$ cat input37.txt   # compact mmCIF, C-alpha atoms
# COMPACT_ATOMS: atom_id res chain seq x y z
CA MET A 13 61.02 14.49 66.38
CA ASN A 14 57.72 16.06 65.51
CA VAL A 15 57.52 19.71 66.52
CA PHE A 16 53.90 19.34 67.60
CA VAL A 17 54.93 16.69 70.13
CA VAL A 18 57.48 19.13 71.61
CA ALA A 19 54.86 21.87 71.95
CA MET A 20 52.35 19.42 73.44
CA VAL A 21 54.82 18.18 76.03
CA ALA A 22 55.60 21.77 77.06
CA VAL A 23 51.91 22.66 77.33
CA LEU A 24 51.17 19.48 79.31
CA ALA A 25 54.04 20.19 81.72
CA THR A 26 52.70 23.71 82.21
CA MET A 27 49.25 22.32 82.95
CA LEU A 28 50.78 19.99 85.54
CA LEU A 29 52.57 22.91 87.25
CA ALA A 30 49.35 24.94 87.25
CA LEU A 31 47.45 21.99 88.74
CA ILE A 32 50.02 21.72 91.55
CA ARG A 33 49.49 25.43 92.28
CA ALA A 34 45.72 24.90 92.22
CA PHE A 35 46.09 22.15 94.83
CA LEU A 36 48.48 24.16 97.00
CA GLY A 37 46.30 27.26 97.07
CA PRO A 38 46.57 29.00 99.56
CA THR A 39 43.86 31.53 98.63
CA VAL A 40 40.88 31.00 96.34
CA PHE A 41 42.39 33.53 93.92
CA ASP A 42 45.50 31.39 93.44
CA ARG A 43 43.26 28.49 92.56
CA VAL A 44 41.23 30.59 90.12
CA LEU A 45 44.44 31.85 88.51
CA ALA A 46 45.73 28.30 88.12
CA ALA A 47 42.37 27.10 86.76
CA ASN A 48 42.36 29.96 84.25
CA MET A 49 45.86 28.98 83.13
CA VAL A 50 44.82 25.35 82.71
CA GLY A 51 41.89 26.56 80.61
CA THR A 52 44.10 28.64 78.31
CA LYS A 53 46.54 25.77 77.94
CA THR A 54 43.65 23.42 77.12
CA VAL A 55 42.84 25.63 74.13
CA LEU A 56 46.44 25.47 72.94
CA LEU A 57 46.63 21.72 73.62
CA ILE A 58 43.52 21.01 71.52
CA ALA A 59 44.81 23.23 68.69
CA VAL A 60 48.24 21.51 68.62
CA ALA A 61 46.69 18.04 69.00
CA GLY A 62 44.43 18.76 66.03
CA PHE A 63 47.44 19.51 63.86
CA LEU A 64 49.36 16.53 65.26
CA THR A 65 46.62 14.06 64.34
CA GLY A 66 45.92 15.79 61.02
CA ARG A 67 42.46 16.99 62.03
CA PRO A 68 42.57 20.79 62.22
CA GLU A 69 38.76 20.77 62.53
CA TRP A 70 39.35 20.40 66.27
CA LEU A 71 39.98 24.14 66.32
CA ASP A 72 36.21 24.58 66.65
CA LEU A 73 36.46 22.77 69.99
CA ALA A 74 39.34 25.05 70.96
CA ILE A 75 37.20 28.15 70.24
CA LEU A 76 34.44 26.69 72.40
CA TYR A 77 36.88 26.01 75.24
CA ALA A 78 38.21 29.56 75.06
CA LEU A 79 34.68 30.99 75.37
CA MET A 80 33.76 28.66 78.24
CA ASN A 81 36.99 29.37 80.09
CA PHE A 82 36.46 33.12 80.13
CA THR A 83 32.80 32.93 81.11
CA GLY A 84 33.52 30.40 83.82
CA MET A 85 36.27 32.48 85.34
CA ILE A 86 34.18 35.66 85.48
CA ALA A 87 31.33 33.69 87.05
CA LEU A 88 33.69 32.23 89.65
CA LEU A 89 35.06 35.68 90.48
CA ARG A 90 31.58 37.14 90.90
CA PHE A 91 30.71 34.21 93.12
CA SER A 92 33.79 34.69 95.29
CA LYS A 93 33.07 38.43 95.56
CA PHE A 94 29.36 38.37 96.33
CA ALA A 95 28.92 34.76 97.52
CA ASN A 96 26.00 34.76 95.09
CA LEU A 97 25.79 34.81 91.32
CA ALA A 98 23.01 37.43 91.18
CA SER A 99 22.43 39.08 94.52
CA ASP A 100 20.49 42.31 95.14
CA GLU A 101 23.48 43.75 97.00
CA GLN A 102 25.49 44.54 93.88
CA LEU A 103 22.60 46.46 92.31
CA LYS A 104 22.45 49.03 95.12
CA MET B 26 61.33 28.08 50.94
CA GLU B 27 59.96 24.95 52.58
CA GLY B 28 62.99 24.75 54.86
CA LEU B 29 62.59 28.35 55.96
CA ARG B 30 58.95 27.73 56.77
CA ASP B 31 59.86 24.65 58.83
CA ILE B 32 62.44 26.66 60.75
CA LEU B 33 59.87 29.38 61.48
CA VAL B 34 57.32 26.79 62.67
CA TRP B 35 59.92 25.18 64.92
CA ALA B 36 61.01 28.51 66.36
CA CYS B 37 57.44 29.66 67.05
CA LEU B 38 56.20 26.40 68.58
CA VAL B 39 59.30 25.76 70.70
CA GLY B 40 59.37 29.42 71.78
CA GLY B 41 55.69 29.30 72.70
CA GLY B 42 56.24 26.09 74.66
CA LEU B 43 59.15 27.69 76.50
CA PHE B 44 57.09 30.76 77.40
CA SER B 45 54.31 28.49 78.67
CA LEU B 46 56.77 26.50 80.79
CA ILE B 47 58.30 29.68 82.24
CA GLY B 48 54.79 30.87 83.13
CA GLY B 49 54.04 27.57 84.83
CA ILE B 50 57.26 27.67 86.82
CA GLY B 51 56.53 31.29 87.79
CA LEU B 52 53.02 30.35 88.85
CA LEU B 53 54.39 27.61 91.09
CA ARG B 54 57.48 29.29 92.49
CA MET B 55 56.60 32.99 92.98
CA PRO B 56 56.18 34.02 96.64
CA ASP B 57 52.77 35.74 96.73
CA PHE B 58 49.57 36.07 94.75
CA TYR B 59 50.29 39.30 92.87
CA THR B 60 53.69 38.19 91.56
CA ARG B 61 52.11 34.88 90.53
CA THR B 62 49.50 36.77 88.53
CA HIS B 63 52.26 38.74 86.85
CA ALA B 64 54.21 35.62 85.88
CA ALA B 65 51.16 33.71 84.70
CA SER B 66 49.26 36.35 82.73
CA LEU B 67 52.17 37.83 80.77
CA THR B 68 53.61 34.51 79.64
CA ASP B 69 50.11 33.21 78.92
CA THR B 70 49.59 35.83 76.23
CA MET B 71 53.04 35.40 74.69
CA GLY B 72 52.95 31.60 74.72
CA ALA B 73 49.50 31.46 73.13
CA THR B 74 50.51 34.02 70.49
CA LEU B 75 53.65 32.14 69.48
CA ILE B 76 52.02 28.70 69.38
CA LEU B 77 49.05 29.92 67.33
CA LEU B 78 51.40 31.83 65.01
CA GLY B 79 53.47 28.68 64.51
CA LEU B 80 50.37 26.66 63.66
CA ALA B 81 49.20 29.36 61.23
CA ILE B 82 52.59 29.41 59.46
CA HIS B 83 52.53 25.62 59.25
CA ASN B 84 49.04 25.64 57.77
CA GLY B 85 49.24 28.39 55.16
CA ILE B 86 46.22 30.53 54.36
CA ASP B 87 42.73 29.03 54.35
CA LEU B 88 39.72 28.64 56.68
CA ILE B 89 41.84 26.95 59.37
CA THR B 90 44.00 30.06 59.61
CA VAL B 91 40.88 32.19 60.10
CA LYS B 92 39.86 29.93 62.99
CA LEU B 93 43.36 30.26 64.48
CA ALA B 94 43.05 34.05 64.14
CA ILE B 95 39.68 33.97 65.92
CA ILE B 96 41.20 31.97 68.81
CA PHE B 97 44.14 34.37 68.90
CA VAL B 98 41.95 37.50 69.03
CA PHE B 99 39.75 35.97 71.70
CA LEU B 100 42.66 34.86 73.90
CA PHE B 101 44.39 38.19 73.36
CA LEU B 102 41.30 40.08 74.55
CA THR B 103 40.20 37.82 77.39
CA SER B 104 43.52 36.83 78.98
CA PRO B 105 44.48 40.34 80.20
CA THR B 106 40.82 41.05 81.06
CA ALA B 107 40.66 37.91 83.18
CA ALA B 108 43.92 38.79 84.93
CA HIS B 109 42.66 42.31 85.60
CA ALA B 110 39.32 41.09 86.98
CA LEU B 111 41.08 38.51 89.14
CA VAL B 112 43.51 40.99 90.69
CA LYS B 113 40.74 43.54 91.20
CA ALA B 114 38.60 40.95 92.97
CA ALA B 115 41.54 39.90 95.15
CA TYR B 116 42.41 43.52 95.98
CA SER B 117 38.83 44.46 96.85
CA LYS B 118 38.68 41.35 99.03
CA GLY B 119 41.62 42.80 100.97
CA LEU B 120 44.32 40.31 99.99
CA GLU B 121 47.57 41.68 101.40
CA ALA B 122 50.48 42.57 99.16
CA PRO B 123 53.84 41.85 100.82
CA ASP B 124 55.61 44.73 102.46
CA VAL B 125 57.35 46.41 99.52
CA GLN B 126 59.32 48.71 101.80
CA GLU B 127 60.75 45.77 103.66
CA ALA B 128 61.61 43.90 100.47
CA THR B 129 63.43 46.85 98.87
CA GLY B 130 65.16 47.52 102.19
CA ALA B 131 66.47 43.96 102.25
CA ALA B 132 67.63 44.26 98.63
CA ALA B 133 69.46 47.52 99.42
CA ALA B 134 71.16 45.89 102.43
CA ILE B 135 72.36 42.97 100.28
CA ARG B 136 73.68 45.37 97.63
CA ASN B 137 75.52 47.51 100.19
CA GLU B 138 77.07 44.40 101.68
CA ALA B 139 78.27 43.29 98.24
CA LEU B 140 79.69 46.73 97.51
CA GLU B 141 81.47 46.73 100.86
CA ALA B 142 82.93 43.29 100.17
CA ALA B 143 84.12 44.40 96.72
CA ARG B 144 85.77 47.49 98.19
CA ARG B 145 87.55 45.38 100.82
CA GLY B 146 88.67 42.99 98.09
CA GLU B 147 90.12 45.92 96.15
CA GLY B 148 91.87 47.30 99.24
CA THR B 149 93.85 44.15 100.03
$ encode --input "input37.txt" --output "structure tokens"
Amino acid sequence: MNVFVVAMVAVLATMLLALIRAFLGPTVFDRVLAANMVGTKTVLLIAVAGFLTGRPEWLDLAILYALMNFTGMIALLRFSKFANLASDEQLK
Amino acid sequence: MEGLRDILVWACLVGGGLFSLIGGIGLLRMPDFYTRTHAASLTDTMGATLILLGLAIHNGIDLITVKLAIIFVFLFLTSPTAAHALVKAAYSKGLEAPDVQEATGAAAAIRNEALEAARRGEGT
């Protein structure tokens, strides 16, 4: 069996578990944690899939996903903390 | 040489997949938010490192490896940062940690009970 298939199955199963946690909650932070994990695993999934299909150029997409994942999570955390992405409150 | 490389790729990719799976199980099964963060963030870093290392060994050295290294550095910097920011946000929001005193007390009670049982077993 192809080793990339093994890695992909493991990453997909992890994403499924993280999605279940994202649905269960119970707090918003659990959901953010699960979403962050899904994002990281998406990067790995794209990288492994690129090698599996013989197109390692897909790594550019993986880099993009990694950047978007981090930015999105920080934005979500700021939103959950201040209920606003750029409020005056945090400047005081 | 080719066989050794294949073995290394297998070990890295399967190990990375295992670490990912363990992180997923920890994320689902741990009892409260802070332990979930612990399970998820630690295994996240290790799983990503091993999988990217396996891909790099498989590929050899060229531009693709540089891209893999960029992804690795970025994940390695942002994953702990994200976990830190998340826990800090949760803590400043006042999310309760479970009662550590109670938990350790329960663990001590279970241990004492086991010790007592062992001693009785020895006595008879």
$ residues_around --input "input37.txt" --residues "A:Asn81" --least-positions-apart "5" --cutoff "12 Å" --atoms "only C-alpha atoms" --output "list of chain:residue names"
A:Val44, A:Leu45, A:Ala46, A:Ala47, A:Asn48, A:Met49, A:Val50, A:Gly51, A:Thr52, A:Lys53, A:Thr54, A:Val55, A:Ala74, A:Ile75, A:Leu76, A:Ile86, A:Ala87, A:Leu88, B:Phe99, B:Leu100, B:Thr103, B:Ser104, B:Ala107
$ atom_distance --input "input37.txt" --atom1 "atom CA of B:Asp57" --atom2 "atom CA of A:Thr39"
10.0 Å
$ closest_residue --input "input37.txt" --among "A:Leu71, A:Leu57, A:Leu28, A:Val23" --to "B:Ala94" --atoms "all atoms listed in the file"
A:Leu71
$ interface_residues --input "input37.txt" --of "chain A" --to "chain B" --cutoff "6 Å" --atoms "all atoms listed in the file" --output "PyMOL selection string"
chain A and resi 19+22+26+29-30+33+75
$ atom_distance --input "input37.txt" --atom1 "atom CA of B:Met71" --atom2 "atom CA of B:Phe101"
9.2 Å
$ atom_distance --input "input37.txt" --atom1 "atom CA of A:Leu73" --atom2 "atom CA of B:Ile82"
20.4 Å
$ closest_residue --input "input37.txt" --among "A:Ala34, A:Met80, A:Met85, A:Met20" --to "A:Leu56" --atoms "all atoms listed in the file"
A:Met20
$ axis_aligned_box --input "input37.txt" --around "stretch 82-93 of chain B" --padding-each-side "5 Å" --output "lines of an AutoDock Vina configuration file"
center_x = 46.2
center_y = 28.9
center_z = 59.4
size_x = 22.9
size_y = 16.6
size_z = 20.1
$ closest_residue --input "input37.txt" --among "A:Ala59, A:Leu64, A:Val15, A:Val40" --to "A:Phe91" --atoms "only C-alpha atoms"
A:Val40
$ closest_residue --input "input37.txt" --among "B:Gly85, B:Pro105, B:Ala132, B:Asn137" --to "B:Glu27" --atoms "only C-alpha atoms"
B:Gly85
